[in-house]
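Below is one structure, written out as structure tokens; comments come after it.
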Amino acid sequence: MSELTASGELVGGEALAHPEQTRSIRPKGGAPVVTDGPLAEAKEHFGGYLIVDCETPQRATDIASRWPNARFAAMEVRPIMNGGGGQDM
């Protein structure tokens, strides 16, 4: 975190609550229906997210590879869609 703060790449991030506290909204019969639980039934779930502003996708991948949790759990690197539908990364 110190390195990312010093480099100016850290944008933000948060831990996420346990999936038991999730509410999902899905369309059913043309109307939104709210259910308890995550979108997918899975043993894995997102524990949180970190947003970094990097020059290249490779830099973001390098950051994720060095993150302490990468030794124990899967990490995902994904561009953020900007307001015009394009990707920021």
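Chains: A, B, ... in order of the structure tokens. Residues: from 1 per chain. Ligands: from 1, in order shown.
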Using only C-alpha atoms, which protein or nucleic acid residues come within 9 Å of A:Pro38? Drop anything in the same chain fewer than 2 positions from it, and give the result as a PyMOL selection string.
chain A and resi 19-24+35-36+40-42+45
DSSP strand (DSSP E or B) residues within chain A, listed as an MDAnalysis selection string
chainID A and resid 10:15 23:28 31:36 48:52 80:81 87:88
Output of the above residues as a tab-separated table (two decimals), in the first residue's frame, restricted to N, CA, C and O atoms:
```
chain	number	residue	atom	x	y	z
A	10	LEU	N	-2.39	4.21	-6.42
A	10	LEU	CA	-3.52	3.79	-5.60
A	10	LEU	C	-4.68	4.76	-5.77
A	10	LEU	O	-4.55	5.96	-5.52
A	11	VAL	N	-5.81	4.25	-6.21
A	11	VAL	CA	-7.02	5.06	-6.36
A	11	VAL	C	-7.96	4.81	-5.18
A	11	VAL	O	-8.53	5.73	-4.62
A	12	GLY	N	-8.13	3.56	-4.80
A	12	GLY	CA	-9.00	3.22	-3.68
A	12	GLY	C	-9.27	1.74	-3.63
A	12	GLY	O	-8.76	0.97	-4.43
A	13	GLY	N	-10.10	1.34	-2.70
A	13	GLY	CA	-10.48	-0.06	-2.55
A	13	GLY	C	-11.17	-0.26	-1.22
A	13	GLY	O	-11.10	0.60	-0.34
A	14	GLU	N	-11.83	-1.37	-1.09
A	14	GLU	CA	-12.56	-1.69	0.13
A	14	GLU	C	-12.65	-3.19	0.29
A	14	GLU	O	-12.68	-3.93	-0.69
A	15	ALA	N	-12.75	-3.64	1.53
A	15	ALA	CA	-13.09	-5.03	1.81
A	15	ALA	C	-14.60	-5.17	1.62
A	15	ALA	O	-15.35	-4.20	1.80
A	23	ARG	N	-27.38	-9.09	-1.35
A	23	ARG	CA	-28.71	-9.11	-1.97
A	23	ARG	C	-28.50	-8.95	-3.46
A	23	ARG	O	-27.72	-8.12	-3.90
A	24	SER	N	-29.15	-9.78	-4.24
A	24	SER	CA	-29.03	-9.75	-5.70
A	24	SER	C	-30.35	-9.34	-6.32
A	24	SER	O	-31.42	-9.68	-5.80
A	25	ILE	N	-30.28	-8.62	-7.40
A	25	ILE	CA	-31.47	-8.21	-8.13
A	25	ILE	C	-31.37	-8.82	-9.52
A	25	ILE	O	-30.39	-8.62	-10.23
A	26	ARG	N	-32.39	-9.62	-9.88
A	26	ARG	CA	-32.42	-10.29	-11.18
A	26	ARG	C	-33.76	-9.99	-11.85
A	26	ARG	O	-34.78	-9.84	-11.17
A	27	PRO	N	-33.76	-9.93	-13.18
A	27	PRO	CA	-35.04	-9.74	-13.86
A	27	PRO	C	-35.85	-11.04	-13.86
A	27	PRO	O	-35.30	-12.12	-14.04
A	28	LYS	N	-37.13	-10.92	-13.62
A	28	LYS	CA	-38.04	-12.07	-13.69
A	28	LYS	C	-39.38	-11.57	-14.17
A	28	LYS	O	-39.99	-10.73	-13.53
A	31	ALA	N	-39.64	-7.73	-14.53
A	31	ALA	CA	-39.53	-6.87	-13.36
A	31	ALA	C	-38.35	-7.32	-12.50
A	31	ALA	O	-38.02	-8.50	-12.49
A	32	PRO	N	-37.72	-6.40	-11.79
A	32	PRO	CA	-36.62	-6.79	-10.91
A	32	PRO	C	-37.14	-7.54	-9.68
A	32	PRO	O	-38.13	-7.14	-9.08
A	33	VAL	N	-36.45	-8.62	-9.33
A	33	VAL	CA	-36.77	-9.40	-8.14
A	33	VAL	C	-35.53	-9.45	-7.25
A	33	VAL	O	-34.44	-9.76	-7.72
A	34	VAL	N	-35.71	-9.15	-5.97
A	34	VAL	CA	-34.61	-9.13	-5.02
A	34	VAL	C	-34.57	-10.45	-4.27
A	34	VAL	O	-35.59	-10.93	-3.77
A	35	THR	N	-33.37	-11.05	-4.21
A	35	THR	CA	-33.17	-12.29	-3.45
A	35	THR	C	-31.96	-12.12	-2.55
A	35	THR	O	-31.09	-11.29	-2.79
A	36	ASP	N	-31.91	-12.92	-1.50
A	36	ASP	CA	-30.75	-12.93	-0.63
A	36	ASP	C	-29.68	-13.79	-1.25
A	36	ASP	O	-29.97	-14.83	-1.84
A	48	GLY	N	-12.78	-8.39	-1.58
A	48	GLY	CA	-12.60	-6.96	-1.65
A	48	GLY	C	-12.05	-6.58	-3.00
A	48	GLY	O	-11.90	-7.42	-3.88
A	49	TYR	N	-11.77	-5.31	-3.16
A	49	TYR	CA	-11.23	-4.84	-4.43
A	49	TYR	C	-10.26	-3.70	-4.18
A	49	TYR	O	-10.30	-3.03	-3.16
A	50	LEU	N	-9.37	-3.52	-5.14
A	50	LEU	CA	-8.40	-2.45	-5.11
A	50	LEU	C	-8.39	-1.82	-6.48
A	50	LEU	O	-8.37	-2.54	-7.49
A	51	ILE	N	-8.46	-0.51	-6.54
A	51	ILE	CA	-8.41	0.19	-7.83
A	51	ILE	C	-7.07	0.90	-7.92
A	51	ILE	O	-6.70	1.67	-7.02
A	52	VAL	N	-6.35	0.60	-9.00
A	52	VAL	CA	-5.07	1.26	-9.25
A	52	VAL	C	-5.12	1.91	-10.62
A	52	VAL	O	-5.83	1.46	-11.52
A	80	ILE	N	-11.50	-0.93	-15.83
A	80	ILE	CA	-12.74	-0.26	-15.46
A	80	ILE	C	-13.31	0.39	-16.71
A	80	ILE	O	-12.59	1.04	-17.46
A	81	MET	N	-14.60	0.24	-16.90
A	81	MET	CA	-15.28	0.89	-18.03
A	81	MET	C	-15.47	2.36	-17.69
A	81	MET	O	-15.90	2.70	-16.60
A	87	GLN	N	-12.64	1.49	-22.07
A	87	GLN	CA	-11.94	0.99	-20.89
A	87	GLN	C	-10.89	1.98	-20.43
A	87	GLN	O	-10.20	2.59	-21.22
A	88	ASP	N	-10.79	2.12	-19.12
A	88	ASP	CA	-9.71	2.86	-18.49
A	88	ASP	C	-8.77	1.85	-17.87
A	88	ASP	O	-9.20	0.95	-17.20
```
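Rounded to one decimal, atom CA of A:Thr5 and atom CA of A:Pro79 lie 19.5 Å from each other.
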Coordinates-based distance that separates atom CA of A:Pro68 from atom CA of A:Asn82 (Å, one decimal)
28.4 Å
Counting only C-alpha atoms, the residue among A:Gly37, A:Gly47, A:Gly8, A:Pro57 that lies closest to A:Ala74 is A:Gly47
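From atom CA of A:Ser7 back to atom CA of A:Asp62, the distance works out to 14.2 Å.
Every residue of chain A with a DSSP assignment of helix (DSSP H, G or I), taken from the backbone, is listed as A:Ser2, A:Glu3, A:Leu4, A:Thr5, A:Ala6, A:Ser7, A:Pro19, A:Glu20, A:Gln21, A:Pro57, A:Gln58, A:Arg59, A:Ala60, A:Thr61, A:Asp62, A:Ile63, A:Ala64, A:Ser65, A:Arg66, A:Pro68, A:Asn69, A:Ala70, A:Arg71.
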Take the selection from the previous step and output its residues with N, CA, C and O atoms, as a PDB file, in the first residue's frame.
```pdb
ATOM      1  N   SER A   2       1.948   1.215   0.769  1.00  0.00           N
ATOM      2  CA  SER A   2       2.839   2.377   0.818  1.00  0.00           C
ATOM      3  C   SER A   2       3.439   2.661  -0.547  1.00  0.00           C
ATOM      4  O   SER A   2       3.522   3.814  -0.973  1.00  0.00           O
ATOM      5  N   GLU A   3       3.874   1.590  -1.226  1.00  0.00           N
ATOM      6  CA  GLU A   3       4.465   1.749  -2.560  1.00  0.00           C
ATOM      7  C   GLU A   3       3.458   2.336  -3.539  1.00  0.00           C
ATOM      8  O   GLU A   3       3.774   3.252  -4.303  1.00  0.00           O
ATOM      9  N   LEU A   4       2.232   1.832  -3.522  1.00  0.00           N
ATOM     10  CA  LEU A   4       1.205   2.316  -4.452  1.00  0.00           C
ATOM     11  C   LEU A   4       0.783   3.742  -4.126  1.00  0.00           C
ATOM     12  O   LEU A   4       0.505   4.529  -5.024  1.00  0.00           O
ATOM     13  N   THR A   5       0.747   4.091  -2.852  1.00  0.00           N
ATOM     14  CA  THR A   5       0.433   5.459  -2.457  1.00  0.00           C
ATOM     15  C   THR A   5       1.540   6.404  -2.915  1.00  0.00           C
ATOM     16  O   THR A   5       1.272   7.457  -3.495  1.00  0.00           O
ATOM     17  N   ALA A   6       2.784   6.000  -2.686  1.00  0.00           N
ATOM     18  CA  ALA A   6       3.925   6.841  -3.066  1.00  0.00           C
ATOM     19  C   ALA A   6       4.009   7.041  -4.579  1.00  0.00           C
ATOM     20  O   ALA A   6       4.358   8.119  -5.052  1.00  0.00           O
ATOM     21  N   SER A   7       3.665   5.997  -5.354  1.00  0.00           N
ATOM     22  CA  SER A   7       3.751   6.101  -6.818  1.00  0.00           C
ATOM     23  C   SER A   7       2.554   6.838  -7.418  1.00  0.00           C
ATOM     24  O   SER A   7       2.556   7.173  -8.598  1.00  0.00           O
ATOM     25  N   PRO A  19     -20.599 -13.045   1.779  1.00  0.00           N
ATOM     26  CA  PRO A  19     -21.690 -13.243   0.816  1.00  0.00           C
ATOM     27  C   PRO A  19     -23.065 -13.452   1.448  1.00  0.00           C
ATOM     28  O   PRO A  19     -24.081 -13.170   0.817  1.00  0.00           O
ATOM     29  N   GLU A  20     -23.120 -13.919   2.692  1.00  0.00           N
ATOM     30  CA  GLU A  20     -24.416 -14.080   3.367  1.00  0.00           C
ATOM     31  C   GLU A  20     -25.153 -12.754   3.503  1.00  0.00           C
ATOM     32  O   GLU A  20     -26.363 -12.725   3.681  1.00  0.00           O
ATOM     33  N   GLN A  21     -24.431 -11.648   3.423  1.00  0.00           N
ATOM     34  CA  GLN A  21     -25.044 -10.333   3.554  1.00  0.00           C
ATOM     35  C   GLN A  21     -25.393  -9.716   2.204  1.00  0.00           C
ATOM     36  O   GLN A  21     -25.819  -8.568   2.139  1.00  0.00           O
ATOM     37  N   PRO A  57      -1.662  -2.578 -18.605  1.00  0.00           N
ATOM     38  CA  PRO A  57      -2.281  -3.743 -17.962  1.00  0.00           C
ATOM     39  C   PRO A  57      -1.232  -4.637 -17.287  1.00  0.00           C
ATOM     40  O   PRO A  57      -1.506  -5.242 -16.253  1.00  0.00           O
ATOM     41  N   GLN A  58      -0.033  -4.698 -17.847  1.00  0.00           N
ATOM     42  CA  GLN A  58       1.024  -5.517 -17.249  1.00  0.00           C
ATOM     43  C   GLN A  58       1.392  -5.016 -15.860  1.00  0.00           C
ATOM     44  O   GLN A  58       1.640  -5.800 -14.949  1.00  0.00           O
ATOM     45  N   ARG A  59       1.423  -3.701 -15.667  1.00  0.00           N
ATOM     46  CA  ARG A  59       1.727  -3.143 -14.344  1.00  0.00           C
ATOM     47  C   ARG A  59       0.664  -3.566 -13.336  1.00  0.00           C
ATOM     48  O   ARG A  59       0.974  -3.951 -12.212  1.00  0.00           O
ATOM     49  N   ALA A  60      -0.609  -3.515 -13.726  1.00  0.00           N
ATOM     50  CA  ALA A  60      -1.689  -3.943 -12.830  1.00  0.00           C
ATOM     51  C   ALA A  60      -1.543  -5.425 -12.490  1.00  0.00           C
ATOM     52  O   ALA A  60      -1.760  -5.836 -11.347  1.00  0.00           O
ATOM     53  N   THR A  61      -1.153  -6.230 -13.470  1.00  0.00           N
ATOM     54  CA  THR A  61      -0.934  -7.657 -13.249  1.00  0.00           C
ATOM     55  C   THR A  61       0.239  -7.878 -12.294  1.00  0.00           C
ATOM     56  O   THR A  61       0.173  -8.735 -11.411  1.00  0.00           O
ATOM     57  N   ASP A  62       1.288  -7.102 -12.443  1.00  0.00           N
ATOM     58  CA  ASP A  62       2.434  -7.202 -11.538  1.00  0.00           C
ATOM     59  C   ASP A  62       2.026  -6.874 -10.097  1.00  0.00           C
ATOM     60  O   ASP A  62       2.440  -7.562  -9.156  1.00  0.00           O
ATOM     61  N   ILE A  63       1.221  -5.834  -9.927  1.00  0.00           N
ATOM     62  CA  ILE A  63       0.742  -5.461  -8.587  1.00  0.00           C
ATOM     63  C   ILE A  63      -0.067  -6.608  -7.990  1.00  0.00           C
ATOM     64  O   ILE A  63       0.145  -7.004  -6.842  1.00  0.00           O
ATOM     65  N   ALA A  64      -0.993  -7.170  -8.758  1.00  0.00           N
ATOM     66  CA  ALA A  64      -1.827  -8.271  -8.265  1.00  0.00           C
ATOM     67  C   ALA A  64      -0.982  -9.492  -7.914  1.00  0.00           C
ATOM     68  O   ALA A  64      -1.233 -10.166  -6.912  1.00  0.00           O
ATOM     69  N   SER A  65       0.039  -9.767  -8.718  1.00  0.00           N
ATOM     70  CA  SER A  65       0.904 -10.926  -8.471  1.00  0.00           C
ATOM     71  C   SER A  65       1.698 -10.786  -7.183  1.00  0.00           C
ATOM     72  O   SER A  65       2.033 -11.780  -6.539  1.00  0.00           O
ATOM     73  N   ARG A  66       1.999  -9.558  -6.792  1.00  0.00           N
ATOM     74  CA  ARG A  66       2.775  -9.307  -5.582  1.00  0.00           C
ATOM     75  C   ARG A  66       1.905  -9.109  -4.345  1.00  0.00           C
ATOM     76  O   ARG A  66       2.421  -9.027  -3.222  1.00  0.00           O
ATOM     77  N   PRO A  68      -0.183  -9.812  -1.157  1.00  0.00           N
ATOM     78  CA  PRO A  68      -0.028 -10.947  -0.237  1.00  0.00           C
ATOM     79  C   PRO A  68      -1.071 -12.059  -0.421  1.00  0.00           C
ATOM     80  O   PRO A  68      -0.729 -13.233  -0.324  1.00  0.00           O
ATOM     81  N   ASN A  69      -2.312 -11.719  -0.715  1.00  0.00           N
ATOM     82  CA  ASN A  69      -3.356 -12.733  -0.871  1.00  0.00           C
ATOM     83  C   ASN A  69      -3.153 -13.618  -2.091  1.00  0.00           C
ATOM     84  O   ASN A  69      -3.748 -14.690  -2.179  1.00  0.00           O
ATOM     85  N   ALA A  70      -2.341 -13.204  -3.040  1.00  0.00           N
ATOM     86  CA  ALA A  70      -2.119 -13.994  -4.253  1.00  0.00           C
ATOM     87  C   ALA A  70      -1.465 -15.337  -3.927  1.00  0.00           C
ATOM     88  O   ALA A  70      -1.529 -16.259  -4.739  1.00  0.00           O
ATOM     89  N   ARG A  71      -0.874 -15.467  -2.758  1.00  0.00           N
ATOM     90  CA  ARG A  71      -0.286 -16.746  -2.352  1.00  0.00           C
ATOM     91  C   ARG A  71      -1.346 -17.746  -1.941  1.00  0.00           C
ATOM     92  O   ARG A  71      -1.088 -18.948  -1.912  1.00  0.00           O
TER      93      ARG A  71
END
```
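With only C-alpha atoms as the atoms that count, the residue of A:Glu55, A:Trp67, A:Leu16, A:Gly30 with the shortest distance to A:Met1 is A:Trp67.
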